[in-house]
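Right, one structure below, let's go through it.
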Amino acid sequence: MLGLELVVVLGVCILASSVASGRLRVAAPVLLVLCGAVLGFVPALESVSLPPEAMLLIFLPALLYWESLNTSLREIRSNLRPIVLLSTLLVLATAAAVAAVAHALGLGWGPAWVLGAALAPTDATAVSAIARGMPRRTTTILRAESLINDGTALVIYAIAVAITTGEQQFSTGLVGFRLLLSYAGGAAAGLLVAWLVVQVRKRLDNPVHETCVSILTPFAAFLLAELVHGSGVIAVVTCGLTLARVGPRIVRADTRQVSTAFWSIATFLLNGALFVLIGLQANSAVRSLDGSEILTAAGAIGLVALTVAGTRLLWSYTTPYIIRAIDRRPQQRLRRVGARQRLVSSAAGFRGAVSLAAALAVPETVVGGGPFPFREEIVLITSGVVVLTLVVQSVMLPSIIRFSQLPEDTALDEELRLAQATASEEAYEALPSLADKVGVSDVVYKRVLAEYEHHLEVRRAKEAGDEEVAQSELEYTTLRLELIAHKRATVVRLRDEAAIDDTVLRAVQRRLDVEEV
């Protein structure tokens with residue numbers, strides 16, 4: 001029964017934390033982690049842990065895929081240089097800094113690099129959930145960095161584990177080859193799966209079937225990349241970004257409604273479950289220690305957390321000035337970010353479930369059968385740093401955003417108005433030719449023409465600040481909604497009177513729901 005009990009407990013925690021988050025003005029991941037830590041004291045849940053293979057093979061592909069579908073490829077292209085630097089060189093720098101501190105604390109170089117690689121990547125789900133209310137460029141860089149840096153970190157992690165267990169010997173060529181294979185193999189696998197998905201979806205016309213293809217897509221990309229020894233993370237991200245570009249041309253409206261609804265609720269639950277399980281794991285790691293060990297562990301966790309945050313802060317206030325000295329083109333000067341604003345991206349480097357899964361995936365033995373050195377310390381420090389960064393940095397982030405005085409980002413609103421205006425204007429201009437193409441009667445043509453003329457009139461009046469027209473349109477919408485509600489009540493009454501079947505009720509409701517939305 002533990003599995004069923006855990007499902008119910010996770011669901012209640014996710015729902016309660018999400019509701020309380022808005023009312024308490026505290027980031028939901030913080031409340032979810034705290035819920036997990038409290039649940040760790042329940043005897044029946046003491047043995048619950050986050051299986052690393054579940055994280056790396058189930059949670060990660062789904063979450064990365066949805067994040068990729070909702071990331072702007074145009075913004076990634078325009079900010080490619082900082083994203084590449086953050087997702088590669090900063091990962092290497094963070095892993096090296098953590099490894100040096102861990103070695104100073106007594107860990108061997110091999111386990112120290114394993115710890116550094118586990119804590120090097122930022123977490124895409126944590127960034128998406130917590131780092132909100134920031135300009136589009138900052139958000140895009142943070143999200144893209146989090147999507148890509150897992151691939152770099154996991155390659156370093158795999159090499160560090162292999163060297164520590166005695167399976168491989170270190171060489172610079174090996175590291176370079178593994179990184180190249182990881183990125184190239186992952187990107188190729190992602191592009192191939194994206195092409196196959198497009199071919200399949202072109203031949204389907206059922207929303208449920210197409211949504212099934214959408215669900216299978218990230219796991220197929222991840223699996224193919226792993227088979228060719230590439231990065232599953234890079235494969236999923238590449239596939240998601242490609243389909244985000246192609247999707248609007250091949251995905252129909254009804255399919256998009258079904259798929260969006262599924263992915264929204266699925267990723268909401270997966271995200272919430274991950275943060276609760278992180279809290280549970282942190283509780284389990286702490287309970288395995290006695291009083292004196294807890295103080296020592298707390299000191300190590302604090303020191304490593306400061307190293308992680310300090311490395312990112314140092315990066316943010318050194319590399320931009322080096323790049324400015326090298327690249328002095330006018331268009332690059334326009335993209336420069338002030339010192340205050342860089343503080344936000346420095347504070348948004350949250351660690352999450354990927355780091356914890358990597359720590360838990362450390363093998364228990366080395367070649368020859370001996371225990372993997374310092375494995376318990378790696379799990380403990382990683383758990384503590386993940387929780388510390390999530391709680392402390394998310395609590396500090398709103399104050400840092402206010403201090404940074406970020407400029408108001410109106411670009412999306414302006415582009416939204418441009419898209420709506422252009423689409424309406426061009427549809428109106430194309431109406432005569434489209435009416436001839438379809439072959440409608442003059443009565444129908446005049447009816448549609450009147451509707452579009454009214455729509456354009458309202459839009460232009462709103463842009464001109466005509467409050468009377470805006471109020472009239474609000475009253476019109478309110479009356480339409482009341483009529484729809486009345487129709488829905490009538491259909492329900494007919495069902496209750498046994499005049500129509502429940503199947504008919506649902507069919508009519510679907511149409512009314514679309515009209516209402």
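Residues in the structure tokens are named by chain (A, B, ... in the order shown) and by number from 1 within that chain; ligands are numbered from 1 in the order shown.
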
**OP:** Would you kindly return, as an NGL selection string, each protein, DNA or RNA residue with an atom no farther than 12 Å from any atom of region 246-255 of chain A, considering only C-alpha atoms and excluding same-chain residues fewer than 2 positions away?
**Re:** :A and (69-70 or 73 or 191 or 194-195 or 197-214 or 239-244 or 257-262 or 510-511 or 514)

Selection to disk with C-alpha atoms, as a PDB file, in the first residue's frame:
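File produced: out_16.pdb:
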```pdb
ATOM      1  CA  LEU A  69       8.892  23.604 -26.447  1.00  0.00           C
ATOM      2  CA  ASN A  70       8.236  26.804 -24.499  1.00  0.00           C
ATOM      3  CA  LEU A  73      14.691  29.820 -30.319  1.00  0.00           C
ATOM      4  CA  LEU A 191      17.274  16.171 -35.061  1.00  0.00           C
ATOM      5  CA  ALA A 194      12.291  15.433 -34.646  1.00  0.00           C
ATOM      6  CA  TRP A 195      12.278  14.623 -38.378  1.00  0.00           C
ATOM      7  CA  VAL A 197       8.012  12.819 -35.499  1.00  0.00           C
ATOM      8  CA  VAL A 198       7.140  15.376 -38.181  1.00  0.00           C
ATOM      9  CA  GLN A 199       6.700  12.605 -40.776  1.00  0.00           C
ATOM     10  CA  VAL A 200       4.472  10.601 -38.444  1.00  0.00           C
ATOM     11  CA  ARG A 201       2.330  13.543 -37.344  1.00  0.00           C
ATOM     12  CA  LYS A 202       1.721  14.612 -40.932  1.00  0.00           C
ATOM     13  CA  ARG A 203      -0.003  11.274 -41.443  1.00  0.00           C
ATOM     14  CA  LEU A 204      -2.199  11.402 -38.327  1.00  0.00           C
ATOM     15  CA  ASP A 205      -5.471  13.267 -37.906  1.00  0.00           C
ATOM     16  CA  ASN A 206      -6.545  12.176 -34.424  1.00  0.00           C
ATOM     17  CA  PRO A 207      -5.678  14.468 -31.461  1.00  0.00           C
ATOM     18  CA  VAL A 208      -5.275  11.515 -29.093  1.00  0.00           C
ATOM     19  CA  HIS A 209      -2.912   9.695 -31.457  1.00  0.00           C
ATOM     20  CA  GLU A 210      -0.832  12.822 -32.009  1.00  0.00           C
ATOM     21  CA  THR A 211      -0.642  13.456 -28.267  1.00  0.00           C
ATOM     22  CA  CYS A 212       0.630   9.894 -27.791  1.00  0.00           C
ATOM     23  CA  VAL A 213       3.379  10.676 -30.315  1.00  0.00           C
ATOM     24  CA  SER A 214       4.164  13.843 -28.351  1.00  0.00           C
ATOM     25  CA  CYS A 239      14.280  17.797 -30.558  1.00  0.00           C
ATOM     26  CA  GLY A 240      12.045  20.109 -28.515  1.00  0.00           C
ATOM     27  CA  LEU A 241      13.445  23.309 -30.013  1.00  0.00           C
ATOM     28  CA  THR A 242      13.118  21.884 -33.548  1.00  0.00           C
ATOM     29  CA  LEU A 243       9.507  20.814 -33.045  1.00  0.00           C
ATOM     30  CA  ALA A 244       8.683  24.162 -31.426  1.00  0.00           C
ATOM     31  CA  GLN A 257      -5.516  21.927 -27.102  1.00  0.00           C
ATOM     32  CA  VAL A 258      -5.263  18.287 -26.005  1.00  0.00           C
ATOM     33  CA  SER A 259      -1.449  18.197 -25.958  1.00  0.00           C
ATOM     34  CA  THR A 260      -1.092  21.492 -24.101  1.00  0.00           C
ATOM     35  CA  ALA A 261      -3.600  20.412 -21.452  1.00  0.00           C
ATOM     36  CA  PHE A 262      -1.798  17.099 -20.946  1.00  0.00           C
ATOM     37  CA  ARG A 510     -17.319  20.801 -25.682  1.00  0.00           C
ATOM     38  CA  ARG A 511     -18.600  23.285 -28.258  1.00  0.00           C
ATOM     39  CA  VAL A 514     -14.549  26.362 -26.933  1.00  0.00           C
TER      40      VAL A 514
END
```

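In terms of minimum interatomic distance to Ala347 (chain A), A:Gln393 ranks closest within A:Tyr452, A:Gln393, A:Ala423, A:Leu505, counting only C-alpha atoms.
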
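Using only C-alpha atoms, the shortest contact distance between Ala348 (chain A) and any of A:Ala298, A:Arg495, A:Ser146, A:Met55 is found at A:Ser146.
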
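Within the 8 Å cut-off around region 369-383 of chain A, using only C-alpha atoms and omitting residues fewer than 6 positions from it on the same chain, the listed residues are Leu107, Gly108, Pro111, Val114, Leu115, Ala118, Leu119, Thr164, Thr165, Ile278, Gln281, Ala282, Ala285, Val286, Ala297, Ala300, Ile301, Val304, Ser355, Leu356, Ala359, Leu360, Val362 and Pro363 of chain A.
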
Just N, CA and C atoms for this one: save the residues we selected as a CSV table (one decimal), in the first residue's frame.
```csv
chain,number,residue,atom,x,y,z
A,107,LEU,N,38.1,15.0,1.0
A,107,LEU,CA,37.8,14.0,0.0
A,107,LEU,C,38.9,13.8,-1.0
A,108,GLY,N,39.0,12.6,-1.6
A,108,GLY,CA,40.0,12.3,-2.6
A,108,GLY,C,39.6,13.1,-3.9
A,111,PRO,N,36.5,11.4,-5.9
A,111,PRO,CA,35.2,11.7,-5.3
A,111,PRO,C,34.9,13.3,-5.3
A,114,VAL,N,33.6,14.1,-8.6
A,114,VAL,CA,32.2,13.6,-8.8
A,114,VAL,C,31.2,14.6,-8.1
A,115,LEU,N,31.6,15.0,-6.9
A,115,LEU,CA,30.7,16.0,-6.2
A,115,LEU,C,30.6,17.3,-7.0
A,118,ALA,N,28.3,16.9,-10.0
A,118,ALA,CA,26.9,16.7,-9.6
A,118,ALA,C,26.3,18.1,-9.3
A,119,LEU,N,27.1,19.0,-8.7
A,119,LEU,CA,26.6,20.3,-8.3
A,119,LEU,C,26.8,21.4,-9.3
A,164,THR,N,37.4,7.2,-10.8
A,164,THR,CA,37.4,6.8,-9.4
A,164,THR,C,37.2,5.3,-9.2
A,165,THR,N,36.4,4.7,-10.0
A,165,THR,CA,36.2,3.3,-9.8
A,165,THR,C,37.3,2.4,-10.5
A,278,ILE,N,13.0,15.6,-3.1
A,278,ILE,CA,14.2,16.2,-2.7
A,278,ILE,C,14.2,16.5,-1.2
A,281,GLN,N,14.7,13.2,0.6
A,281,GLN,CA,16.0,12.7,0.6
A,281,GLN,C,17.0,13.4,1.5
A,282,ALA,N,16.8,14.8,1.6
A,282,ALA,CA,17.6,15.6,2.5
A,282,ALA,C,17.4,15.2,3.9
A,285,ALA,N,19.2,11.9,4.5
A,285,ALA,CA,20.6,12.1,4.6
A,285,ALA,C,21.0,12.6,6.0
A,286,VAL,N,20.3,13.6,6.5
A,286,VAL,CA,20.6,14.2,7.8
A,286,VAL,C,20.4,13.2,9.0
A,297,ALA,N,28.9,18.2,9.0
A,297,ALA,CA,28.2,18.2,7.7
A,297,ALA,C,27.6,19.6,7.4
A,300,ALA,N,30.4,21.7,6.1
A,300,ALA,CA,30.8,21.4,4.7
A,300,ALA,C,29.8,21.8,3.7
A,301,ILE,N,28.5,21.6,4.0
A,301,ILE,CA,27.4,22.0,3.1
A,301,ILE,C,27.4,23.5,2.9
A,304,VAL,N,30.5,24.5,0.7
A,304,VAL,CA,30.3,24.1,-0.7
A,304,VAL,C,29.3,24.9,-1.4
A,355,SER,N,21.1,17.2,-9.9
A,355,SER,CA,22.3,17.1,-9.0
A,355,SER,C,22.1,16.0,-8.0
A,356,LEU,N,20.9,15.9,-7.4
A,356,LEU,CA,20.6,14.9,-6.4
A,356,LEU,C,20.6,13.5,-7.1
A,359,ALA,N,24.1,12.3,-7.6
A,359,ALA,CA,24.8,11.9,-6.4
A,359,ALA,C,24.3,10.5,-6.0
A,360,LEU,N,23.0,10.3,-6.1
A,360,LEU,CA,22.4,9.0,-5.7
A,360,LEU,C,22.9,7.9,-6.7
A,362,VAL,N,25.8,7.4,-7.9
A,362,VAL,CA,27.2,7.0,-7.7
A,362,VAL,C,27.2,5.6,-7.3
A,363,PRO,N,28.0,4.7,-7.9
A,363,PRO,CA,28.0,3.3,-7.6
A,363,PRO,C,28.5,3.1,-6.2
```

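One finds CA of Glu75 (chain A) at 6.6 Å from CA of Thr140 (chain A).
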
**OP:** If you run DSSP over the backbone, which residues in region 113-156 of chain A end up alpha helix (DSSP H)? Put them as a ChimeraX atom specification.
**Re:** /A:113-119,124-130,136-156

Include N, CA, C and O atoms and write out the residues we just selected as a compact mmCIF listing (two decimals), in the first residue's frame.
```
# COMPACT_ATOMS: atom_id res chain seq x y z
N TRP A 113 35.76 15.45 -7.60
CA TRP A 113 35.28 15.82 -8.93
C TRP A 113 33.87 15.27 -9.19
O TRP A 113 33.07 15.90 -9.90
N VAL A 114 33.56 14.12 -8.64
CA VAL A 114 32.19 13.60 -8.76
C VAL A 114 31.21 14.56 -8.10
O VAL A 114 30.16 14.89 -8.67
N LEU A 115 31.56 15.04 -6.91
CA LEU A 115 30.71 16.01 -6.22
C LEU A 115 30.61 17.30 -7.02
O LEU A 115 29.51 17.88 -7.17
N GLY A 116 31.74 17.78 -7.53
CA GLY A 116 31.72 19.02 -8.31
C GLY A 116 30.87 18.91 -9.55
O GLY A 116 30.10 19.83 -9.88
N ALA A 117 30.96 17.77 -10.26
CA ALA A 117 30.15 17.58 -11.47
C ALA A 117 28.67 17.49 -11.14
O ALA A 117 27.82 17.99 -11.88
N ALA A 118 28.34 16.86 -10.00
CA ALA A 118 26.93 16.74 -9.62
C ALA A 118 26.32 18.11 -9.31
O ALA A 118 25.15 18.37 -9.62
N LEU A 119 27.11 19.00 -8.70
CA LEU A 119 26.58 20.31 -8.30
C LEU A 119 26.81 21.40 -9.34
O LEU A 119 26.36 22.53 -9.14
N ALA A 124 16.72 23.21 -14.57
CA ALA A 124 15.76 23.89 -15.46
C ALA A 124 14.40 24.05 -14.80
O ALA A 124 13.75 25.09 -14.94
N THR A 125 13.94 23.02 -14.09
CA THR A 125 12.61 23.09 -13.49
C THR A 125 12.57 24.11 -12.36
O THR A 125 11.59 24.83 -12.20
N ALA A 126 13.64 24.18 -11.57
CA ALA A 126 13.68 25.16 -10.49
C ALA A 126 13.74 26.58 -11.04
O ALA A 126 13.06 27.48 -10.54
N VAL A 127 14.55 26.79 -12.07
CA VAL A 127 14.65 28.12 -12.69
C VAL A 127 13.30 28.54 -13.24
O VAL A 127 12.85 29.68 -13.04
N SER A 128 12.62 27.63 -13.92
CA SER A 128 11.32 27.96 -14.51
C SER A 128 10.28 28.27 -13.44
O SER A 128 9.44 29.15 -13.62
N ALA A 129 10.33 27.55 -12.32
CA ALA A 129 9.33 27.73 -11.28
C ALA A 129 9.57 28.96 -10.41
O ALA A 129 8.63 29.57 -9.92
N ILE A 130 10.84 29.32 -10.21
CA ILE A 130 11.17 30.38 -9.25
C ILE A 130 11.54 31.68 -9.93
O ILE A 130 11.12 32.76 -9.51
N ARG A 136 12.68 39.27 -20.49
CA ARG A 136 12.67 38.09 -21.33
C ARG A 136 14.08 37.59 -21.61
O ARG A 136 14.34 36.38 -21.60
N ARG A 137 15.02 38.51 -21.87
CA ARG A 137 16.37 38.07 -22.20
C ARG A 137 17.01 37.32 -21.04
O ARG A 137 17.61 36.25 -21.23
N THR A 138 16.87 37.84 -19.83
CA THR A 138 17.45 37.19 -18.66
C THR A 138 16.83 35.82 -18.44
O THR A 138 17.53 34.83 -18.19
N THR A 139 15.51 35.74 -18.56
CA THR A 139 14.82 34.47 -18.37
C THR A 139 15.23 33.45 -19.41
O THR A 139 15.46 32.28 -19.10
N THR A 140 15.34 33.89 -20.67
CA THR A 140 15.72 32.97 -21.74
C THR A 140 17.13 32.42 -21.52
O THR A 140 17.38 31.22 -21.70
N ILE A 141 18.06 33.29 -21.14
CA ILE A 141 19.43 32.83 -20.90
C ILE A 141 19.47 31.82 -19.76
O ILE A 141 20.12 30.78 -19.86
N LEU A 142 18.75 32.10 -18.68
CA LEU A 142 18.74 31.19 -17.54
C LEU A 142 18.14 29.84 -17.92
O LEU A 142 18.67 28.78 -17.56
N ARG A 143 17.02 29.87 -18.66
CA ARG A 143 16.37 28.62 -19.02
C ARG A 143 17.21 27.82 -20.01
O ARG A 143 17.35 26.60 -19.87
N ALA A 144 17.77 28.51 -21.01
CA ALA A 144 18.58 27.80 -22.01
C ALA A 144 19.84 27.22 -21.36
O ALA A 144 20.26 26.10 -21.67
N GLU A 145 20.45 27.99 -20.47
CA GLU A 145 21.63 27.48 -19.76
C GLU A 145 21.28 26.22 -18.98
O GLU A 145 22.01 25.21 -19.03
N SER A 146 20.15 26.24 -18.29
CA SER A 146 19.74 25.09 -17.48
C SER A 146 19.41 23.88 -18.34
O SER A 146 19.59 22.74 -17.92
N LEU A 147 18.89 24.13 -19.56
CA LEU A 147 18.56 23.02 -20.45
C LEU A 147 19.81 22.33 -20.99
O LEU A 147 19.81 21.11 -21.20
N ILE A 148 20.86 23.10 -21.22
CA ILE A 148 22.04 22.56 -21.91
C ILE A 148 23.12 22.09 -20.94
O ILE A 148 23.82 21.10 -21.21
N ASN A 149 23.26 22.78 -19.79
CA ASN A 149 24.44 22.48 -18.96
C ASN A 149 24.40 21.10 -18.31
O ASN A 149 25.42 20.59 -17.85
N ASP A 150 23.21 20.48 -18.25
CA ASP A 150 23.14 19.11 -17.74
C ASP A 150 24.02 18.17 -18.58
O ASP A 150 24.66 17.26 -18.04
N GLY A 151 24.01 18.38 -19.90
CA GLY A 151 24.81 17.53 -20.77
C GLY A 151 26.29 17.62 -20.46
O GLY A 151 26.99 16.60 -20.36
N THR A 152 26.80 18.85 -20.26
CA THR A 152 28.21 19.03 -19.93
C THR A 152 28.54 18.40 -18.58
O THR A 152 29.53 17.67 -18.43
N ALA A 153 27.70 18.68 -17.59
CA ALA A 153 27.97 18.19 -16.24
C ALA A 153 27.93 16.67 -16.16
O ALA A 153 28.76 16.05 -15.49
N LEU A 154 26.98 16.05 -16.86
CA LEU A 154 26.86 14.59 -16.80
C LEU A 154 28.04 13.89 -17.48
O LEU A 154 28.42 12.78 -17.10
N VAL A 155 28.64 14.53 -18.50
CA VAL A 155 29.84 13.97 -19.12
C VAL A 155 31.00 14.01 -18.12
O VAL A 155 31.73 13.02 -17.93
N ILE A 156 31.19 15.16 -17.47
CA ILE A 156 32.25 15.28 -16.46
C ILE A 156 32.02 14.27 -15.33
O ILE A 156 32.95 13.61 -14.85
```
